[in-house]
Amino acid sequence: MRTAPLASFAALVVAGVTALGTAPAASAGPSDPWVYSWGHNASGQLGNGSTTNATTPGQVLGLARQDVKSISTGGWLTTTNSFTVALLKNGTVKSWGNSQYGQLGNGTTTTATATQNVPGSVAGLTGVRAVDAGCYHGVALRNGRVWTWGRNNNGQLGNGQPFPTGANPAELTAATVPAEVQSLDHVKAIAAGCQFTMALREDGTVWTWGYNDWGQLGNGTNTRANTPQQVQGLSDVEAIDAGNGHAVAVTKDHKVMAWGLNTEGELGVDSTTHSNKPVEVKHLTSVARIFAGPYNTFALLADGTVKAWGWNDKGQLGENTTTNRTTPHLVPALAGAREISPGHKHTLAVLEDQSVIALGSNDQGQLGNGTTTDSPLPVTALPPGSGVVHVAGGNTTPVIFAY
């Protein structure tokens, strides 16, 4: 659920804001130094010291915006085993939320309802360049190698451990601390799907492992794998991302390839047929960045415009309709977006003026406007000049972070 930005997009990316000030509020300005969070919070995944949902942005405790490089949230819908991971600029990793399957990476597991509602350290990780969260597992990139922890019932940790059997297969194979994926090196980017994992190597090849019922491993089969497998017929890749059950890649010539689940048209090939091999997304050129939602995909083009396709039942594609799209369509409502975070039935974006806008479902307060009313048109979660330059959150959970 995490992409690597293309080099050609560097001119569009603005450096983060260093700031000092007081505790945050929804109307706070650039003097506010904190990471914001809002939305669903049954697992304490907002990191604000509570397990109460938040309909407006509030402070993640003990986490300053200037110290954070990236954030990702895992979990499934509004269950009580969601969690969050944050990569700090010093190369260490923080986590908070539920750890039923060891997904906090701190050497412990908890019950389904126990939570850690403030950030704590992931064990033994330093010098980390990237992190991501699947539904119940974490992934980190360090010194060109991939480290994983958490649930492993479908081989998503890539450690070669036999697939579990028995009454509680998830608990039998959970890893509570990060461990290195042994058979993969020279990795430059990672992405975590719900129950599968992706790695982009420096040579432009893509490797995947884990669940594969819809062909999301891209290896021409529908057989799950507990060690990395190379995606077939794909080379010169510069960026990757993962949805719930589909994967996307941007090539050196700025084409987008997709594979896996396609029930909602998330592959962008004018059909709803799954594909266990990469296929080229139609009617799409000059892609700068790609953002995979759970069952949809957004592309930020080099000219600053945005196109989207796939699931749209709550208007989350930003077209003021609830019609699914099987090919990319222009989204004027997201023009000027710096970064996009597609979540479960909602979409967030941070604009060049440092405002954060939101649209789609709002049943858990994920639009951040103080209500729980859905909106197919953008509403403002944070005003211009907020100091925020990144927005991220749960691909399959209604959780948002702005920093």
# chains A, B, ... in the order shown; residues from 1 in each chain; ligands from 1
call {"tool": "select_by_dssp", "arguments": {"residues": "range 46-188 of chain A", "states": "strand (DSSP E or B)", "output": "number ranges by chain"}}
result
A: 54-64, 68-74, 83-88, 93-97, 116-121, 128-133, 137-142, 145-150, 175-180, 187-188
call {"tool": "residues_around", "arguments": {"residues": "Ala174 in chain A", "least_positions_apart": "3", "cutoff": "10 Å", "atoms": "only C-alpha atoms", "output": "VMD selection string"}}
result
chain A and resid 100 to 103 109 136 to 137 149 to 153 157 169 to 171 177
call {"tool": "atom_distance", "arguments": {"atom1": "CA of Asn369 in chain A", "atom2": "CA of Asp32 in chain A"}}
result
18.4 Å
call {"tool": "residues_around", "arguments": {"residues": "range 179-181 of chain A", "least_positions_apart": "3", "cutoff": "9 Å", "atoms": "only C-alpha atoms", "output": "ChimeraX atom specification"}}
result
/A:145-149,157-160,175,184-185,227-228
call {"tool": "write_last_selection", "arguments": {"atoms": "N, CA and C atoms", "output": "mmCIF file, in the first residue's frame"}}
result
data_model
loop_
_atom_site.group_PDB
_atom_site.id
_atom_site.type_symbol
_atom_site.label_atom_id
_atom_site.label_comp_id
_atom_site.auth_asym_id
_atom_site.auth_seq_id
_atom_site.Cartn_x
_atom_site.Cartn_y
_atom_site.Cartn_z
ATOM 1 N N ARG A 145 17.396 -4.927 1.811
ATOM 2 C CA ARG A 145 16.737 -6.177 2.169
ATOM 3 C C ARG A 145 15.370 -5.882 2.768
ATOM 4 N N VAL A 146 14.464 -6.865 2.665
ATOM 5 C CA VAL A 146 13.099 -6.723 3.162
ATOM 6 C C VAL A 146 12.973 -7.426 4.502
ATOM 7 N N TRP A 147 12.331 -6.742 5.453
ATOM 8 C CA TRP A 147 12.047 -7.297 6.780
ATOM 9 C C TRP A 147 10.541 -7.340 6.972
ATOM 10 N N THR A 148 10.028 -8.412 7.553
ATOM 11 C CA THR A 148 8.578 -8.574 7.732
ATOM 12 C C THR A 148 8.259 -9.072 9.131
ATOM 13 N N TRP A 149 7.021 -8.840 9.563
ATOM 14 C CA TRP A 149 6.549 -9.329 10.855
ATOM 15 C C TRP A 149 5.024 -9.341 10.861
ATOM 16 N N LEU A 157 4.759 -13.169 4.905
ATOM 17 C CA LEU A 157 6.048 -12.755 5.460
ATOM 18 C C LEU A 157 7.221 -13.197 4.585
ATOM 19 N N GLY A 158 6.984 -14.132 3.670
ATOM 20 C CA GLY A 158 8.023 -14.528 2.719
ATOM 21 C C GLY A 158 9.183 -15.270 3.328
ATOM 22 N N ASN A 159 8.958 -15.910 4.474
ATOM 23 C CA ASN A 159 10.066 -16.551 5.183
ATOM 24 C C ASN A 159 10.175 -18.048 4.920
ATOM 25 N N GLY A 160 9.377 -18.567 3.990
ATOM 26 C CA GLY A 160 9.454 -19.980 3.641
ATOM 27 C C GLY A 160 8.811 -20.916 4.630
ATOM 28 N N ALA A 175 4.716 -13.819 13.568
ATOM 29 C CA ALA A 175 6.067 -13.413 13.947
ATOM 30 C C ALA A 175 5.959 -12.088 14.682
ATOM 31 N N LEU A 184 16.123 -12.351 -1.039
ATOM 32 C CA LEU A 184 15.889 -11.164 -1.849
ATOM 33 C C LEU A 184 16.824 -10.052 -1.402
ATOM 34 N N ASP A 185 17.546 -9.456 -2.382
ATOM 35 C CA ASP A 185 18.431 -8.346 -2.061
ATOM 36 C C ASP A 185 18.322 -7.258 -3.123
ATOM 37 N N THR A 227 7.645 -17.722 -0.422
ATOM 38 C CA THR A 227 8.932 -17.087 -0.712
ATOM 39 C C THR A 227 8.751 -16.194 -1.940
ATOM 40 N N PRO A 228 9.630 -15.215 -2.160
ATOM 41 C CA PRO A 228 9.472 -14.290 -3.289
ATOM 42 C C PRO A 228 9.474 -14.987 -4.645
#
call {"tool": "residues_around", "arguments": {"residues": "range 333-340 of chain A", "least_positions_apart": "5", "cutoff": "10 Å", "atoms": "only C-alpha atoms", "output": "PyMOL selection string"}}
result
chain A and resi 12-14+289-293+298-301+303-308+317-320+347-359+377-378+389-392
call {"tool": "residues_around", "arguments": {"residues": "Val122 in chain A", "least_positions_apart": "6", "cutoff": "12 Å", "atoms": "only C-alpha atoms", "output": "compact mmCIF listing (two decimals) with N, CA, C and O atoms, in the first residue's frame"}}
result
# COMPACT_ATOMS: atom_id res chain seq x y z
N THR A 84 -0.91 0.72 13.26
CA THR A 84 -0.25 1.74 12.46
C THR A 84 1.26 1.63 12.62
O THR A 84 1.75 1.33 13.72
N VAL A 85 1.99 1.87 11.53
CA VAL A 85 3.45 1.94 11.59
C VAL A 85 3.90 3.28 11.04
O VAL A 85 3.32 3.81 10.09
N ALA A 86 4.94 3.84 11.65
CA ALA A 86 5.49 5.12 11.21
C ALA A 86 7.00 5.00 11.10
O ALA A 86 7.66 4.54 12.04
N LEU A 87 7.55 5.42 9.96
CA LEU A 87 8.99 5.49 9.77
C LEU A 87 9.48 6.89 10.11
O LEU A 87 8.99 7.87 9.56
N LEU A 88 10.40 6.97 11.04
CA LEU A 88 10.98 8.26 11.40
C LEU A 88 12.18 8.56 10.51
O LEU A 88 12.79 7.66 9.93
N GLY A 91 15.48 6.70 10.77
CA GLY A 91 15.57 5.31 10.34
C GLY A 91 14.97 4.30 11.30
O GLY A 91 15.03 3.09 11.03
N THR A 92 14.38 4.75 12.40
CA THR A 92 13.70 3.83 13.31
C THR A 92 12.21 3.79 12.98
O THR A 92 11.70 4.64 12.24
N VAL A 93 11.50 2.81 13.54
CA VAL A 93 10.09 2.59 13.23
C VAL A 93 9.29 2.55 14.52
O VAL A 93 9.67 1.89 15.50
N LYS A 94 8.15 3.24 14.52
CA LYS A 94 7.20 3.22 15.62
C LYS A 94 5.95 2.47 15.19
O LYS A 94 5.61 2.42 14.00
N SER A 95 5.23 1.91 16.17
CA SER A 95 3.97 1.22 15.87
C SER A 95 3.01 1.41 17.04
O SER A 95 3.42 1.67 18.17
N TRP A 96 1.71 1.28 16.73
CA TRP A 96 0.69 1.35 17.77
C TRP A 96 -0.61 0.73 17.25
O TRP A 96 -0.77 0.54 16.06
N SER A 99 -2.08 -5.86 18.44
CA SER A 99 -0.99 -6.77 18.07
C SER A 99 -1.38 -8.23 18.24
O SER A 99 -0.57 -9.06 18.65
N GLY A 102 1.02 -10.09 16.30
CA GLY A 102 2.40 -9.61 16.38
C GLY A 102 2.69 -8.45 15.46
O GLY A 102 3.85 -8.12 15.22
N GLN A 103 1.63 -7.79 14.93
CA GLN A 103 1.84 -6.78 13.90
C GLN A 103 2.46 -5.49 14.41
O GLN A 103 2.87 -4.65 13.61
N LEU A 104 2.59 -5.32 15.74
CA LEU A 104 3.33 -4.16 16.25
C LEU A 104 4.84 -4.39 16.21
O LEU A 104 5.61 -3.44 16.37
N GLY A 105 5.26 -5.63 16.03
CA GLY A 105 6.68 -5.91 15.87
C GLY A 105 7.51 -5.64 17.11
O GLY A 105 8.73 -5.42 17.01
N ASN A 106 6.87 -5.67 18.29
CA ASN A 106 7.59 -5.35 19.53
C ASN A 106 7.84 -6.57 20.41
O ASN A 106 8.17 -6.44 21.59
N GLY A 107 7.68 -7.75 19.83
CA GLY A 107 7.96 -8.99 20.55
C GLY A 107 6.80 -9.53 21.34
O GLY A 107 6.95 -10.52 22.07
N THR A 108 5.62 -8.90 21.23
CA THR A 108 4.47 -9.35 21.99
C THR A 108 3.28 -9.59 21.08
O THR A 108 3.23 -9.11 19.95
N VAL A 128 16.21 2.14 8.48
CA VAL A 128 15.11 1.76 7.59
C VAL A 128 14.83 2.87 6.59
O VAL A 128 14.80 4.06 6.94
N VAL A 131 8.58 1.78 5.02
CA VAL A 131 7.74 0.81 5.73
C VAL A 131 6.36 0.79 5.07
O VAL A 131 5.97 1.73 4.39
N GLY A 138 3.49 -6.24 8.87
CA GLY A 138 4.29 -5.07 8.57
C GLY A 138 5.47 -5.44 7.69
O GLY A 138 5.96 -6.58 7.71
N VAL A 139 5.95 -4.44 6.91
CA VAL A 139 7.07 -4.64 6.00
C VAL A 139 8.01 -3.44 6.11
O VAL A 139 7.54 -2.30 6.21
N ALA A 140 9.31 -3.70 6.10
CA ALA A 140 10.29 -2.62 6.14
C ALA A 140 11.40 -2.90 5.14
O ALA A 140 11.71 -4.06 4.85
N TRP A 147 12.33 -6.74 5.45
CA TRP A 147 12.05 -7.30 6.78
C TRP A 147 10.54 -7.34 6.97
O TRP A 147 9.83 -6.41 6.58
N THR A 148 10.03 -8.41 7.55
CA THR A 148 8.58 -8.57 7.73
C THR A 148 8.26 -9.07 9.13
O THR A 148 9.10 -9.69 9.80
N TRP A 149 7.02 -8.84 9.56
CA TRP A 149 6.55 -9.33 10.86
C TRP A 149 5.02 -9.34 10.86
O TRP A 149 4.38 -8.72 10.03
N GLY A 150 4.43 -10.07 11.82
CA GLY A 150 2.99 -10.13 11.94
C GLY A 150 2.40 -11.44 11.45
O GLY A 150 3.03 -12.50 11.54
N THR A 176 6.45 -12.03 15.90
CA THR A 176 6.26 -10.85 16.73
C THR A 176 7.38 -9.82 16.62
O THR A 176 7.27 -8.73 17.17
N VAL A 177 8.47 -10.17 15.95
CA VAL A 177 9.55 -9.22 15.70
C VAL A 177 9.97 -9.32 14.24
O VAL A 177 9.79 -10.37 13.60
N PRO A 178 10.51 -8.24 13.67
CA PRO A 178 10.91 -8.28 12.26
C PRO A 178 12.02 -9.29 12.00
O PRO A 178 12.93 -9.47 12.81
N ALA A 179 11.91 -9.95 10.84
CA ALA A 179 12.93 -10.88 10.39
C ALA A 179 13.19 -10.65 8.91
O ALA A 179 12.27 -10.29 8.16
call {"tool": "atom_distance", "arguments": {"atom1": "CA of Cys135 in chain A", "atom2": "CA of Gly155 in chain A"}}
result
13.2 Å
call {"tool": "residues_around", "arguments": {"residues": "range 206-209 of chain A", "least_positions_apart": "3", "cutoff": "8 Å", "atoms": "only C-alpha atoms", "output": "list in words"}}
result
Gly155, Gln156, Leu157, Gly158, Phe196, Thr197, Met198, Ala199, Leu200, Arg201, Leu217, Gly218, Arg224, Ala225, Asn226, Thr227, Pro228, Gln229, Gln230, Val231, Leu234, Ser235 and Val237 of chain A
call {"tool": "closest_residue", "arguments": {"among": "A:Asn53, A:Asn81, A:Thr396, A:Ser286", "to": "Asn41 in chain A", "atoms": "only C-alpha atoms"}}
result
A:Asn53
call {"tool": "atom_distance", "arguments": {"atom1": "CA of Gly370 in chain A", "atom2": "CA of Ser70 in chain A"}}
result
25.1 Å
